[in-house]
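One structure is given below, encoded as structure tokens.
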Amino acid sequence: MATATLSPADKKAKQVSQSYWSLVWWKFKKNRIAVIGGIILLTMYVLICLFAEFVAPYDLERRSSYTEAPPITIRFIDDQGKFSIQPFVYQYERKVDQAIRRRTFVENPAVKYPVSLFVKGDSYKLWGFIPGDIHLFGLKTDDPKAAMFLMGSDSAGRDYFSRIIYGGRLSLLIGLIGQILTLVLGSVLGAISGYYGGAVDMFVQRFTEFLAAFPDIPLFMALAAAIPQYFSPIIVYFMLTLILALVRWGGLARQVRGLILSLREREYVLAAKSAGASDSRIMFRHLLPGTMSHVIVIATLSIPGMILAETSLSWLGLGLRPPLTSWGVLLQEAATVYAIRFAPWLLWTVPFIILVILAFNMLGDGLRDALDPYGGR
């Protein structure tokens, strides 16, 4: 019986890649928890950071007469028991509860508003220059009394779900941008410290120890309080990002230094020196790439700390401030006994923060295992 011979192209197609990054990807895919965390983060960054105007049903500052209205219920079955394929909401009516002397909202079953996808609503500019007025979902009606508050409204009658979406953009980006700056600063100074040693190493390490001697939150508060009040909100945003990066780079620099110390005596580094390669080329072309797997894990696990730091500072009134909106600013608005007692839906920001932190930790743990594909775990 003749055996079939494979062409060189078929043989190449049947070969299994055993490169380092293919092994990393193969091991990462096996970790379902890490994959779920990555999907959650990718979804949130795409929907919130890139398409917040499209996802949010209302404009960030759109006000209504429905102040502190509770979350509305999206229904498929009306009060008569009739099923509808298209979801709908009832009209909100304002009433005064004489027992507690407070305005309340009740649903009026006589008036229905259909909920549809890709509805025309408030105009916006996507990414700052693409005009549009189509939103992912909303009420398909021209009635000015129509309102759909998925997570209730705040004291100014603004849709809280839309504010969470817009606020998440700043909170998520400040963690990402701040960590990128931390990576650049910590990797460069750590590589210089580990490669040169001597007085350079002594200076960098003593400076990192000086920063580490201060507790994070009081140091954040002191630096954030030093930002002048007359600065524009955008400048405050970028200065807060720089503060977070300047405070957090020390730990990464120490770890990169330790890795560089172990790599600088390898044969390929000695060969590069013998070939006349400059110090900068050896550091940034030969040594730093060898630390990237470790650095990626550190960055992934450190981004939640950046987000929590911004949230804490904004909640304390030392971070971002209106008209900018972040999750910390929203928490500050809900940090009163009155809000917790009569408008508990203003704490909807907390589950979003917890979800992001958990997703980053899930992804970071998975990357830590995947970037060591030859390990036993």
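Chain labels A, B, ... are given in the sequence in which chains occur in the structure tokens; within each chain residues are numbered consecutively from 1, and ligands are likewise numbered from 1 in the order shown.
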- If we count only C-alpha atoms, what is near Ser84 of chain A at a cut-off of 12 Å, once residues fewer than 3 positions away on the same chain are taken out, given as JSON, numbers by chain? {"A": [74, 75, 76, 77, 78, 79, 80, 81, 87, 88, 89, 112, 114, 115]}
Write out, as CSV, each residue of segment 183-259 of chain A that has an atom at most 12 Å from segment 150-170 of chain A, together with the closest pair of atoms and their distance in Å to one decimal, counting only C-alpha atoms, rows going by chain and rising number.
```
residue,atom,partner,partner_atom,distance
A:Pro233,CA,A:Leu170,CA,11.8
A:Ile234,CA,A:Leu170,CA,10.7
A:Tyr237,CA,A:Leu170,CA,8.6
A:Phe238,CA,A:Leu170,CA,10.7
A:Leu240,CA,A:Leu170,CA,11.5
A:Thr241,CA,A:Leu170,CA,10.5
```
- Message: What's around Gln179 of chain A at 8 Å? Count only C-alpha atoms, leave out sequence neighbours fewer than 3 positions away in its own chain, and write the answer as a list of chain:residue names.
- Response: A:Gly175, A:Leu176, A:Thr182, A:Leu183, A:Ala245, A:Ala299, A:Ser302, A:Ile303, A:Met306
Since we have the selection now, will you write its residues out, keeping C-alpha atoms, as a short mmCIF file (atom, residue, chain, number, x, y, z; two decimals), in the first residue's frame?
```
data_model
loop_
_atom_site.label_atom_id
_atom_site.label_comp_id
_atom_site.auth_asym_id
_atom_site.auth_seq_id
_atom_site.Cartn_x
_atom_site.Cartn_y
_atom_site.Cartn_z
CA GLY A 175 -5.19 53.90 35.42
CA LEU A 176 -3.98 52.86 31.97
CA THR A 182 5.10 54.22 35.39
CA LEU A 183 6.37 51.48 33.06
CA ALA A 245 3.00 57.70 37.96
CA ALA A 299 1.66 46.46 35.10
CA SER A 302 -0.80 47.60 39.35
CA ILE A 303 -3.48 49.25 37.19
CA MET A 306 -4.03 53.40 40.06
#
```
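With only C-alpha atoms as the atoms that count, the residue of A:Leu47, A:Ala212, A:Phe342, A:Leu324 with the shortest distance to Leu136 of chain A is A:Leu47.
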